[in-house]
file data28.txt (compact mmCIF, N, CA and C atoms)
# COMPACT_ATOMS: atom_id res chain seq x y z
N MET H 4 -25.49 -32.04 13.18
CA MET H 4 -24.93 -32.94 14.17
C MET H 4 -25.09 -34.39 13.73
N LYS H 5 -26.16 -34.66 13.00
CA LYS H 5 -26.39 -36.02 12.52
C LYS H 5 -25.23 -36.47 11.62
N TRP H 6 -24.77 -35.57 10.74
CA TRP H 6 -23.66 -35.89 9.86
C TRP H 6 -22.41 -36.20 10.67
N LEU H 7 -22.14 -35.40 11.69
CA LEU H 7 -20.96 -35.64 12.53
C LEU H 7 -21.03 -37.01 13.17
N ARG H 8 -22.17 -37.35 13.74
CA ARG H 8 -22.31 -38.65 14.43
C ARG H 8 -22.15 -39.82 13.48
N LYS H 9 -22.54 -39.62 12.22
CA LYS H 9 -22.44 -40.69 11.23
C LYS H 9 -21.01 -40.87 10.72
N ASN H 10 -20.25 -39.79 10.64
CA ASN H 10 -18.95 -39.82 9.97
C ASN H 10 -17.74 -39.68 10.88
N MET H 11 -17.95 -39.41 12.15
CA MET H 11 -16.85 -39.23 13.09
C MET H 11 -17.16 -40.02 14.36
N THR H 12 -16.11 -40.29 15.13
CA THR H 12 -16.30 -40.92 16.44
C THR H 12 -16.63 -39.84 17.45
N ARG H 13 -17.67 -40.06 18.24
CA ARG H 13 -18.10 -39.09 19.25
C ARG H 13 -17.87 -39.68 20.64
N VAL H 14 -17.25 -38.87 21.50
CA VAL H 14 -17.14 -39.20 22.91
C VAL H 14 -17.56 -37.96 23.70
N VAL H 15 -17.93 -38.16 24.94
CA VAL H 15 -18.35 -37.05 25.79
C VAL H 15 -17.37 -36.94 26.96
N LEU H 16 -16.81 -35.75 27.13
CA LEU H 16 -15.94 -35.50 28.27
C LEU H 16 -16.83 -35.23 29.48
N GLU H 17 -16.79 -36.14 30.43
CA GLU H 17 -17.58 -35.99 31.66
C GLU H 17 -16.65 -35.54 32.78
N PRO H 18 -17.10 -34.80 33.73
CA PRO H 18 -18.48 -34.43 34.01
C PRO H 18 -18.93 -33.16 33.30
N MET H 19 -18.08 -32.58 32.42
CA MET H 19 -18.43 -31.32 31.77
C MET H 19 -19.53 -31.50 30.72
N GLY H 20 -19.69 -32.71 30.21
CA GLY H 20 -20.70 -32.96 29.19
C GLY H 20 -20.34 -32.38 27.84
N ILE H 21 -19.05 -32.31 27.53
CA ILE H 21 -18.59 -31.70 26.28
C ILE H 21 -18.41 -32.77 25.21
N ASP H 22 -19.06 -32.56 24.07
CA ASP H 22 -18.92 -33.48 22.94
C ASP H 22 -17.59 -33.27 22.25
N VAL H 23 -16.92 -34.39 21.97
CA VAL H 23 -15.66 -34.38 21.21
C VAL H 23 -15.86 -35.32 20.03
N TYR H 24 -15.56 -34.82 18.83
CA TYR H 24 -15.67 -35.63 17.61
C TYR H 24 -14.28 -35.82 17.03
N PHE H 25 -14.01 -37.04 16.55
CA PHE H 25 -12.66 -37.43 16.13
C PHE H 25 -12.68 -38.07 14.74
N THR H 26 -11.62 -37.76 13.97
CA THR H 26 -11.41 -38.40 12.68
C THR H 26 -9.92 -38.51 12.39
N THR H 27 -9.58 -39.41 11.47
CA THR H 27 -8.20 -39.50 10.97
C THR H 27 -8.14 -39.03 9.52
N ASP H 28 -9.21 -38.47 9.02
CA ASP H 28 -9.31 -38.08 7.61
C ASP H 28 -9.49 -36.57 7.49
N ARG H 29 -8.54 -35.91 6.82
CA ARG H 29 -8.60 -34.45 6.64
C ARG H 29 -9.88 -34.01 5.94
N ALA H 30 -10.29 -34.76 4.92
CA ALA H 30 -11.49 -34.38 4.16
C ALA H 30 -12.73 -34.43 5.06
N VAL H 31 -12.79 -35.42 5.93
CA VAL H 31 -13.91 -35.52 6.87
C VAL H 31 -13.90 -34.32 7.82
N MET H 32 -12.71 -33.94 8.29
CA MET H 32 -12.61 -32.77 9.18
C MET H 32 -13.12 -31.52 8.48
N GLU H 33 -12.67 -31.30 7.26
CA GLU H 33 -13.10 -30.09 6.54
C GLU H 33 -14.60 -30.11 6.26
N LYS H 34 -15.14 -31.28 5.95
CA LYS H 34 -16.59 -31.40 5.73
C LYS H 34 -17.34 -31.13 7.03
N ALA H 35 -16.81 -31.60 8.15
CA ALA H 35 -17.43 -31.34 9.45
C ALA H 35 -17.48 -29.84 9.72
N ARG H 36 -16.38 -29.16 9.47
CA ARG H 36 -16.33 -27.71 9.67
C ARG H 36 -17.36 -27.02 8.79
N GLU H 37 -17.47 -27.48 7.55
CA GLU H 37 -18.45 -26.92 6.62
C GLU H 37 -19.87 -27.14 7.13
N LYS H 38 -20.17 -28.35 7.58
CA LYS H 38 -21.51 -28.68 8.07
C LYS H 38 -21.90 -27.83 9.28
N ILE H 39 -20.92 -27.53 10.12
CA ILE H 39 -21.18 -26.73 11.32
C ILE H 39 -21.26 -25.25 10.96
N GLY H 40 -20.68 -24.88 9.82
CA GLY H 40 -20.68 -23.48 9.40
C GLY H 40 -19.44 -22.72 9.82
N VAL H 41 -18.33 -23.44 9.94
CA VAL H 41 -17.06 -22.84 10.33
C VAL H 41 -16.15 -22.78 9.11
N GLU H 42 -15.38 -21.72 9.02
CA GLU H 42 -14.44 -21.57 7.91
C GLU H 42 -13.45 -22.73 7.87
N PRO H 43 -12.95 -23.06 6.67
CA PRO H 43 -11.91 -24.10 6.58
C PRO H 43 -10.69 -23.70 7.40
N SER H 44 -9.95 -24.68 7.85
CA SER H 44 -8.74 -24.43 8.62
C SER H 44 -7.73 -23.67 7.78
N THR H 45 -7.10 -22.68 8.38
CA THR H 45 -6.08 -21.89 7.69
C THR H 45 -4.69 -22.22 8.20
N GLN H 46 -4.58 -23.27 8.99
CA GLN H 46 -3.29 -23.61 9.60
C GLN H 46 -2.34 -24.29 8.64
N GLY H 47 -2.80 -24.62 7.45
CA GLY H 47 -1.93 -25.31 6.50
C GLY H 47 -1.76 -26.76 6.88
N PRO H 48 -0.83 -27.44 6.22
CA PRO H 48 -0.62 -28.86 6.50
C PRO H 48 -0.14 -29.05 7.95
N HIS H 49 -0.72 -30.00 8.60
CA HIS H 49 -0.33 -30.31 9.97
C HIS H 49 -0.61 -31.78 10.23
N ASP H 50 0.00 -32.31 11.26
CA ASP H 50 -0.17 -33.72 11.60
C ASP H 50 -1.46 -33.99 12.34
N GLY H 51 -1.98 -32.97 13.01
CA GLY H 51 -3.21 -33.12 13.77
C GLY H 51 -3.75 -31.77 14.17
N ILE H 52 -4.97 -31.78 14.69
CA ILE H 52 -5.61 -30.53 15.09
C ILE H 52 -6.66 -30.82 16.16
N ALA H 53 -6.79 -29.89 17.09
CA ALA H 53 -7.90 -29.89 18.05
C ALA H 53 -8.52 -28.50 17.97
N THR H 54 -9.77 -28.44 17.57
CA THR H 54 -10.44 -27.17 17.32
C THR H 54 -11.69 -27.05 18.17
N GLU H 55 -11.82 -25.92 18.85
CA GLU H 55 -13.06 -25.61 19.56
C GLU H 55 -14.03 -24.96 18.59
N ILE H 56 -15.29 -25.37 18.65
CA ILE H 56 -16.35 -24.73 17.90
C ILE H 56 -17.29 -24.11 18.94
N VAL H 57 -17.39 -22.78 18.93
CA VAL H 57 -18.09 -22.07 19.99
C VAL H 57 -19.10 -21.09 19.41
N ASN H 58 -20.30 -21.08 19.97
CA ASN H 58 -21.27 -20.02 19.72
C ASN H 58 -21.83 -19.64 21.08
N ASP H 59 -21.28 -18.56 21.65
CA ASP H 59 -21.68 -18.16 23.00
C ASP H 59 -23.13 -17.69 23.07
N GLU H 60 -23.66 -17.21 21.96
CA GLU H 60 -25.07 -16.77 21.96
C GLU H 60 -26.03 -17.93 22.16
N THR H 61 -25.72 -19.06 21.54
CA THR H 61 -26.61 -20.23 21.64
C THR H 61 -26.15 -21.23 22.68
N GLY H 62 -24.90 -21.09 23.15
CA GLY H 62 -24.34 -22.05 24.08
C GLY H 62 -23.75 -23.28 23.40
N PHE H 63 -23.73 -23.27 22.06
CA PHE H 63 -23.20 -24.40 21.30
C PHE H 63 -21.69 -24.49 21.52
N TYR H 64 -21.22 -25.69 21.84
CA TYR H 64 -19.79 -25.89 22.06
C TYR H 64 -19.46 -27.35 21.80
N LEU H 65 -18.43 -27.57 21.02
CA LEU H 65 -17.88 -28.91 20.85
C LEU H 65 -16.43 -28.80 20.45
N ILE H 66 -15.75 -29.92 20.49
CA ILE H 66 -14.34 -29.97 20.11
C ILE H 66 -14.20 -31.00 19.00
N LEU H 67 -13.48 -30.61 17.94
CA LEU H 67 -13.14 -31.52 16.85
C LEU H 67 -11.67 -31.87 16.96
N ILE H 68 -11.35 -33.16 16.85
CA ILE H 68 -9.96 -33.61 16.86
C ILE H 68 -9.70 -34.38 15.58
N GLY H 69 -8.60 -34.04 14.91
CA GLY H 69 -8.15 -34.78 13.75
C GLY H 69 -6.70 -35.21 13.93
N VAL H 70 -6.40 -36.46 13.61
CA VAL H 70 -5.03 -36.98 13.66
C VAL H 70 -4.76 -37.60 12.30
N TYR H 71 -3.78 -37.06 11.57
CA TYR H 71 -3.59 -37.42 10.16
C TYR H 71 -2.30 -38.16 9.85
N ASN H 72 -1.39 -38.25 10.80
CA ASN H 72 -0.09 -38.86 10.50
C ASN H 72 0.07 -40.27 11.05
N GLY H 73 -0.97 -40.83 11.65
CA GLY H 73 -0.90 -42.20 12.16
C GLY H 73 -0.10 -42.35 13.43
N SER H 74 0.19 -41.26 14.12
CA SER H 74 1.03 -41.31 15.31
C SER H 74 0.20 -41.25 16.59
N ILE H 75 0.44 -42.19 17.49
CA ILE H 75 -0.23 -42.17 18.79
C ILE H 75 0.21 -40.94 19.58
N GLY H 76 1.43 -40.49 19.32
CA GLY H 76 1.92 -39.27 19.97
C GLY H 76 1.11 -38.05 19.56
N THR H 77 0.73 -37.98 18.29
CA THR H 77 -0.10 -36.87 17.82
C THR H 77 -1.48 -36.95 18.45
N LEU H 78 -2.02 -38.16 18.57
CA LEU H 78 -3.32 -38.32 19.24
C LEU H 78 -3.23 -37.79 20.67
N ALA H 79 -2.20 -38.18 21.40
CA ALA H 79 -2.04 -37.72 22.79
C ALA H 79 -1.89 -36.20 22.84
N HIS H 80 -1.13 -35.64 21.92
CA HIS H 80 -0.91 -34.19 21.86
C HIS H 80 -2.23 -33.46 21.65
N GLU H 81 -3.01 -33.89 20.67
CA GLU H 81 -4.28 -33.22 20.36
C GLU H 81 -5.30 -33.43 21.48
N CYS H 82 -5.28 -34.58 22.12
CA CYS H 82 -6.16 -34.81 23.27
C CYS H 82 -5.82 -33.85 24.41
N ALA H 83 -4.52 -33.56 24.60
CA ALA H 83 -4.13 -32.60 25.64
C ALA H 83 -4.72 -31.23 25.34
N HIS H 84 -4.62 -30.78 24.08
CA HIS H 84 -5.25 -29.50 23.71
C HIS H 84 -6.74 -29.53 24.02
N ALA H 85 -7.40 -30.63 23.66
CA ALA H 85 -8.85 -30.74 23.87
C ALA H 85 -9.20 -30.64 25.35
N VAL H 86 -8.43 -31.29 26.21
CA VAL H 86 -8.71 -31.24 27.64
C VAL H 86 -8.47 -29.84 28.19
N PHE H 87 -7.38 -29.18 27.78
CA PHE H 87 -7.16 -27.80 28.21
C PHE H 87 -8.32 -26.91 27.78
N ASN H 88 -8.78 -27.08 26.53
CA ASN H 88 -9.92 -26.29 26.04
C ASN H 88 -11.18 -26.57 26.85
N ALA H 89 -11.44 -27.83 27.13
CA ALA H 89 -12.63 -28.20 27.91
C ALA H 89 -12.55 -27.62 29.33
N PHE H 90 -11.38 -27.69 29.95
CA PHE H 90 -11.21 -27.12 31.28
C PHE H 90 -11.47 -25.61 31.26
N SER H 91 -10.95 -24.95 30.25
CA SER H 91 -11.16 -23.51 30.12
C SER H 91 -12.65 -23.20 29.98
N ARG H 92 -13.34 -23.97 29.14
CA ARG H 92 -14.77 -23.78 28.93
C ARG H 92 -15.55 -24.00 30.23
N ALA H 93 -15.11 -24.92 31.05
CA ALA H 93 -15.78 -25.23 32.32
C ALA H 93 -15.27 -24.36 33.47
N ASN H 94 -14.49 -23.32 33.13
CA ASN H 94 -13.91 -22.41 34.13
C ASN H 94 -13.05 -23.13 35.16
N MET H 95 -12.36 -24.17 34.69
CA MET H 95 -11.41 -24.89 35.54
C MET H 95 -10.01 -24.42 35.19
N ASN H 96 -9.75 -23.15 35.46
CA ASN H 96 -8.49 -22.53 35.06
C ASN H 96 -7.54 -22.42 36.25
N GLY H 97 -7.41 -23.48 36.98
CA GLY H 97 -6.59 -23.47 38.18
C GLY H 97 -5.10 -23.47 37.88
N ASP H 98 -4.35 -23.49 38.92
CA ASP H 98 -2.90 -23.51 38.85
C ASP H 98 -2.45 -24.95 38.60
N TYR H 99 -1.84 -25.19 37.45
CA TYR H 99 -1.42 -26.55 37.10
C TYR H 99 -0.20 -27.01 37.89
N ASP H 100 0.36 -26.12 38.70
CA ASP H 100 1.41 -26.55 39.62
C ASP H 100 0.80 -27.26 40.83
N GLN H 101 -0.49 -27.07 41.05
CA GLN H 101 -1.15 -27.73 42.16
C GLN H 101 -1.47 -29.17 41.78
N LYS H 102 -1.17 -30.08 42.68
CA LYS H 102 -1.37 -31.51 42.42
C LYS H 102 -2.81 -31.82 42.04
N CYS H 103 -3.77 -31.15 42.66
CA CYS H 103 -5.18 -31.41 42.37
C CYS H 103 -5.50 -31.13 40.90
N MET H 104 -5.04 -30.01 40.36
CA MET H 104 -5.29 -29.68 38.95
C MET H 104 -4.55 -30.67 38.04
N GLN H 105 -3.35 -31.05 38.43
CA GLN H 105 -2.61 -32.03 37.64
C GLN H 105 -3.39 -33.33 37.56
N GLU H 106 -3.94 -33.77 38.68
CA GLU H 106 -4.70 -35.02 38.70
C GLU H 106 -5.95 -34.92 37.82
N HIS H 107 -6.68 -33.81 37.93
CA HIS H 107 -7.87 -33.62 37.09
C HIS H 107 -7.49 -33.70 35.62
N PHE H 108 -6.42 -32.99 35.25
CA PHE H 108 -5.99 -33.00 33.86
C PHE H 108 -5.59 -34.41 33.43
N CYS H 109 -4.77 -35.06 34.23
CA CYS H 109 -4.27 -36.39 33.85
C CYS H 109 -5.39 -37.41 33.70
N TYR H 110 -6.36 -37.39 34.60
CA TYR H 110 -7.49 -38.33 34.47
C TYR H 110 -8.29 -38.06 33.21
N GLN H 111 -8.59 -36.79 32.94
CA GLN H 111 -9.36 -36.46 31.73
C GLN H 111 -8.57 -36.79 30.47
N HIS H 112 -7.29 -36.46 30.48
CA HIS H 112 -6.45 -36.73 29.32
C HIS H 112 -6.34 -38.23 29.07
N GLY H 113 -6.08 -38.99 30.12
CA GLY H 113 -5.99 -40.44 29.98
C GLY H 113 -7.28 -41.06 29.49
N ARG H 114 -8.39 -40.59 30.02
CA ARG H 114 -9.70 -41.11 29.61
C ARG H 114 -9.97 -40.79 28.14
N LEU H 115 -9.72 -39.55 27.73
CA LEU H 115 -9.96 -39.17 26.34
C LEU H 115 -9.07 -39.97 25.39
N CYS H 116 -7.80 -40.11 25.72
CA CYS H 116 -6.89 -40.90 24.88
C CYS H 116 -7.37 -42.35 24.77
N ALA H 117 -7.79 -42.93 25.89
CA ALA H 117 -8.26 -44.31 25.87
C ALA H 117 -9.52 -44.46 25.02
N LEU H 118 -10.44 -43.50 25.14
CA LEU H 118 -11.68 -43.57 24.36
C LEU H 118 -11.42 -43.45 22.86
N LEU H 119 -10.46 -42.61 22.50
CA LEU H 119 -10.20 -42.37 21.08
C LEU H 119 -9.18 -43.33 20.47
N GLU H 120 -8.41 -44.02 21.31
CA GLU H 120 -7.37 -44.91 20.78
C GLU H 120 -7.95 -45.99 19.87
N LYS H 121 -9.05 -46.59 20.25
CA LYS H 121 -9.64 -47.65 19.42
C LYS H 121 -10.03 -47.10 18.05
N ALA H 122 -10.68 -45.95 18.03
CA ALA H 122 -11.06 -45.33 16.75
C ALA H 122 -9.82 -44.97 15.95
N TRP H 123 -8.79 -44.48 16.62
CA TRP H 123 -7.55 -44.12 15.94
C TRP H 123 -6.94 -45.36 15.29
N ARG H 124 -6.90 -46.47 16.03
CA ARG H 124 -6.34 -47.71 15.49
C ARG H 124 -7.14 -48.22 14.30
N GLU H 125 -8.44 -48.02 14.32
CA GLU H 125 -9.29 -48.47 13.22
C GLU H 125 -9.28 -47.50 12.05
N GLY H 126 -8.68 -46.32 12.23
CA GLY H 126 -8.61 -45.34 11.15
C GLY H 126 -9.97 -44.77 10.80
N VAL H 127 -10.65 -44.23 11.79
CA VAL H 127 -11.97 -43.65 11.57
C VAL H 127 -11.93 -42.65 10.42
N GLY H 128 -12.93 -42.72 9.56
CA GLY H 128 -13.04 -41.78 8.45
C GLY H 128 -12.32 -42.21 7.20
N LYS H 129 -11.64 -43.33 7.23
CA LYS H 129 -10.91 -43.78 6.03
C LYS H 129 -11.71 -44.82 5.32

call {"tool": "encode", "arguments": {"input": "data28.txt", "output": "structure tokens"}}
result
Amino acid sequence: MKWLRKNMTRVVLEPMGIDVYFTTDRAVMEKAREKIGVEPSTQGPHDGIATEIVNDETGFYLILIGVYNGSIGTLAHECAHAVFNAFSRANMNGDYDQKCMQEHFCYQHGRLCALLEKAWREGVGK
């Protein structure tokens, strides 16, 4: 975890308390996966990724986000995946047609995008 904190931007999704780590560098993402003990990504070339790292036996859980194409749209897209994953982990699997669930999602998504936008603009990991 020390390596992640040194080489990636960390934010916490509240109130769930879920750690999210962000980078704009593919090599940093792959090194992070290696440090955690997760296989390299098999998705091939992509503009971005949001990956859950889960160990249900120990309770270990975090989300890694990578944005590689310099697009704010990709950042927003990957943040949406991260929020859906966090909601699922927190058993917040409500009906997204309900205004209440939409509001919860939108607030979390907006907050995560705002927290990561500065790091994205600075090109974390480059």

call {"tool": "atom_distance", "arguments": {"input": "data28.txt", "atom1": "CA of Gly20 in chain H", "atom2": "atom C of Pro48 in chain H"}}
result
29.8 Å

call {"tool": "closest_residue", "arguments": {"input": "data28.txt", "among": "H:Ala89, H:His49, H:Val23, H:His84", "to": "Leu67 in chain H", "atoms": "all atoms listed in the file"}}
result
H:Val23

call {"tool": "atom_distance", "arguments": {"input": "data28.txt", "atom1": "CA of Gly51 in chain H", "atom2": "CA of Thr77 in chain H"}}
result
6.3 Å

call {"tool": "select_by_dssp", "arguments": {"input": "data28.txt", "residues": "chain H", "states": "strand (DSSP E or B)", "output": "VMD selection string"}}
result
chain H and resid 12 to 16 21 to 26 51 to 58 63 to 70

call {"tool": "atom_distance", "arguments": {"input": "data28.txt", "atom1": "CA of Ala79 in chain H", "atom2": "CA of Cys116 in chain H"}}
result
6.2 Å

call {"tool": "closest_residue", "arguments": {"input": "data28.txt", "among": "H:Arg36, H:Glu17, H:Asp50, H:Asn10", "to": "Gly73 in chain H", "atoms": "only C-alpha atoms"}}
result
H:Asp50

call {"tool": "residues_around", "arguments": {"input": "data28.txt", "residues": "Pro43 in chain H", "least_positions_apart": "6", "cutoff": "9 Å", "atoms": "only C-alpha atoms", "output": "ChimeraX atom specification"}}
result
/H:33-34,36-37

call {"tool": "write_last_selection", "arguments": {"input": "data28.txt", "atoms": "N, CA and C atoms", "output": "mmCIF file, in the coordinates of the input"}}
result
data_model
loop_
_atom_site.group_PDB
_atom_site.id
_atom_site.type_symbol
_atom_site.label_atom_id
_atom_site.label_comp_id
_atom_site.auth_asym_id
_atom_site.auth_seq_id
_atom_site.Cartn_x
_atom_site.Cartn_y
_atom_site.Cartn_z
ATOM 1 N N GLU H 33 -12.670 -31.300 7.260
ATOM 2 C CA GLU H 33 -13.100 -30.090 6.540
ATOM 3 C C GLU H 33 -14.600 -30.110 6.260
ATOM 4 N N LYS H 34 -15.140 -31.280 5.950
ATOM 5 C CA LYS H 34 -16.590 -31.400 5.730
ATOM 6 C C LYS H 34 -17.340 -31.130 7.030
ATOM 7 N N ARG H 36 -16.380 -29.160 9.470
ATOM 8 C CA ARG H 36 -16.330 -27.710 9.670
ATOM 9 C C ARG H 36 -17.360 -27.020 8.790
ATOM 10 N N GLU H 37 -17.470 -27.480 7.550
ATOM 11 C CA GLU H 37 -18.450 -26.920 6.620
ATOM 12 C C GLU H 37 -19.870 -27.140 7.130
#

call {"tool": "closest_residue", "arguments": {"input": "data28.txt", "among": "H:Ala93, H:Leu119, H:Val41, H:Met104", "to": "Leu78 in chain H", "atoms": "all atoms listed in the file"}}
result
H:Leu119

call {"tool": "select_by_dssp", "arguments": {"input": "data28.txt", "residues": "chain H", "states": "alpha helix (DSSP H)", "output": "PyMOL selection string"}}
result
chain H and resi 5-10+29-39+75-92+102-125

call {"tool": "residues_around", "arguments": {"input": "data28.txt", "residues": "Leu7 in chain H", "least_positions_apart": "6", "cutoff": "8 Å", "atoms": "all atoms listed in the file", "output": "PyMOL selection string"}}
result
chain H and resi 13+24-25+34-35+38

call {"tool": "closest_residue", "arguments": {"input": "data28.txt", "among": "H:Ile21, H:Ala83, H:Ile52, H:Cys103", "to": "Ile68 in chain H", "atoms": "all atoms listed in the file"}}
result
H:Ile52

call {"tool": "decode", "arguments": {"input": "data28.txt", "residues": "range 12-102 of chain H", "atoms": "C-alpha atoms", "output": "short mmCIF file (atom, residue, chain, number, x, y, z; two decimals), in the first residue's frame"}}
result
data_model
loop_
_atom_site.label_atom_id
_atom_site.label_comp_id
_atom_site.auth_asym_id
_atom_site.auth_seq_id
_atom_site.Cartn_x
_atom_site.Cartn_y
_atom_site.Cartn_z
CA THR H 12 -3.35 9.62 -6.28
CA ARG H 13 -5.51 8.25 -3.46
CA VAL H 14 -9.02 9.39 -2.62
CA VAL H 15 -11.58 7.83 -0.30
CA LEU H 16 -15.19 7.34 -1.34
CA GLU H 17 -17.23 8.35 1.69
CA PRO H 18 -19.29 7.27 3.52
CA MET H 19 -18.31 3.77 2.32
CA GLY H 20 -14.64 4.34 3.20
CA ILE H 21 -13.44 2.78 -0.06
CA ASP H 22 -9.93 3.63 -1.25
CA VAL H 23 -9.60 4.63 -4.90
CA TYR H 24 -6.16 4.95 -6.50
CA PHE H 25 -5.67 6.82 -9.78
CA THR H 26 -2.99 7.13 -12.45
CA THR H 27 -2.60 8.31 -16.04
CA ASP H 28 0.34 5.96 -16.66
CA ARG H 29 -0.20 2.38 -17.89
CA ALA H 30 3.15 1.23 -16.47
CA VAL H 31 2.21 2.56 -13.03
CA MET H 32 -1.12 0.71 -13.22
CA GLU H 33 0.57 -2.58 -14.12
CA LYS H 34 3.15 -2.10 -11.35
CA ALA H 35 0.32 -1.41 -8.88
CA ARG H 36 -1.40 -4.64 -9.91
CA GLU H 37 1.89 -6.49 -9.47
CA LYS H 38 2.49 -4.97 -6.01
CA ILE H 39 -0.99 -6.00 -4.89
CA GLY H 40 -0.52 -9.48 -6.34
CA VAL H 41 -3.06 -9.26 -9.15
CA GLU H 42 -2.50 -10.62 -12.63
CA PRO H 43 -1.72 -8.10 -15.39
CA SER H 44 -4.74 -6.75 -17.24
CA THR H 45 -5.83 -8.96 -20.13
CA GLN H 46 -8.17 -6.39 -21.65
CA GLY H 47 -5.62 -5.28 -24.22
CA PRO H 48 -5.15 -1.66 -25.24
CA HIS H 49 -7.82 0.60 -23.83
CA ASP H 50 -8.28 4.29 -23.09
CA GLY H 51 -9.00 3.72 -19.42
CA ILE H 52 -9.84 1.16 -16.78
CA ALA H 53 -11.56 0.88 -13.41
CA THR H 54 -10.63 -2.33 -11.61
CA GLU H 55 -11.87 -3.72 -8.31
CA ILE H 56 -9.28 -5.52 -6.20
CA VAL H 57 -11.08 -7.85 -3.80
CA ASN H 58 -10.07 -10.41 -1.19
CA ASP H 59 -13.24 -11.47 0.62
CA GLU H 60 -11.29 -13.62 3.08
CA THR H 61 -9.34 -10.65 4.44
CA GLY H 62 -11.88 -7.93 3.64
CA PHE H 63 -9.32 -6.17 1.42
CA TYR H 64 -11.00 -3.98 -1.18
CA LEU H 65 -9.92 -1.06 -3.31
CA ILE H 66 -10.51 0.36 -6.75
CA LEU H 67 -7.80 1.26 -9.26
CA ILE H 68 -8.58 3.80 -11.99
CA GLY H 69 -6.36 4.48 -14.99
CA VAL H 70 -7.00 7.08 -17.71
CA TYR H 71 -4.51 6.90 -20.58
CA ASN H 72 -5.89 8.95 -23.47
CA GLY H 73 -5.98 12.40 -21.85
CA SER H 74 -9.77 12.64 -22.14
CA ILE H 75 -11.95 14.08 -19.38
CA GLY H 76 -14.72 11.95 -20.86
CA THR H 77 -12.72 8.80 -20.15
CA LEU H 78 -12.11 9.99 -16.59
CA ALA H 79 -15.86 10.49 -16.10
CA HIS H 80 -16.59 7.08 -17.68
CA GLU H 81 -14.14 5.22 -15.42
CA CYS H 82 -15.34 7.12 -12.35
CA ALA H 83 -18.88 5.92 -13.14
CA HIS H 84 -17.65 2.31 -13.16
CA ALA H 85 -15.87 2.92 -9.85
CA VAL H 86 -19.01 4.34 -8.21
CA PHE H 87 -21.16 1.44 -9.46
CA ASN H 88 -18.56 -0.99 -8.07
CA ALA H 89 -18.43 0.84 -4.73
CA PHE H 90 -22.23 0.84 -4.47
CA SER H 91 -22.31 -2.88 -5.20
CA ARG H 92 -19.66 -3.51 -2.54
CA ALA H 93 -21.69 -1.47 -0.02
CA ASN H 94 -24.87 -3.42 -0.95
CA MET H 95 -26.43 -0.29 -2.41
CA ASN H 96 -27.97 -2.18 -5.32
CA GLY H 97 -31.18 -0.21 -5.53
CA ASP H 98 -33.34 0.61 -8.48
CA TYR H 99 -31.60 3.34 -10.48
CA ASP H 100 -34.97 4.42 -11.82
CA GLN H 101 -35.69 5.74 -8.33
CA LYS H 102 -34.72 9.37 -7.87
#
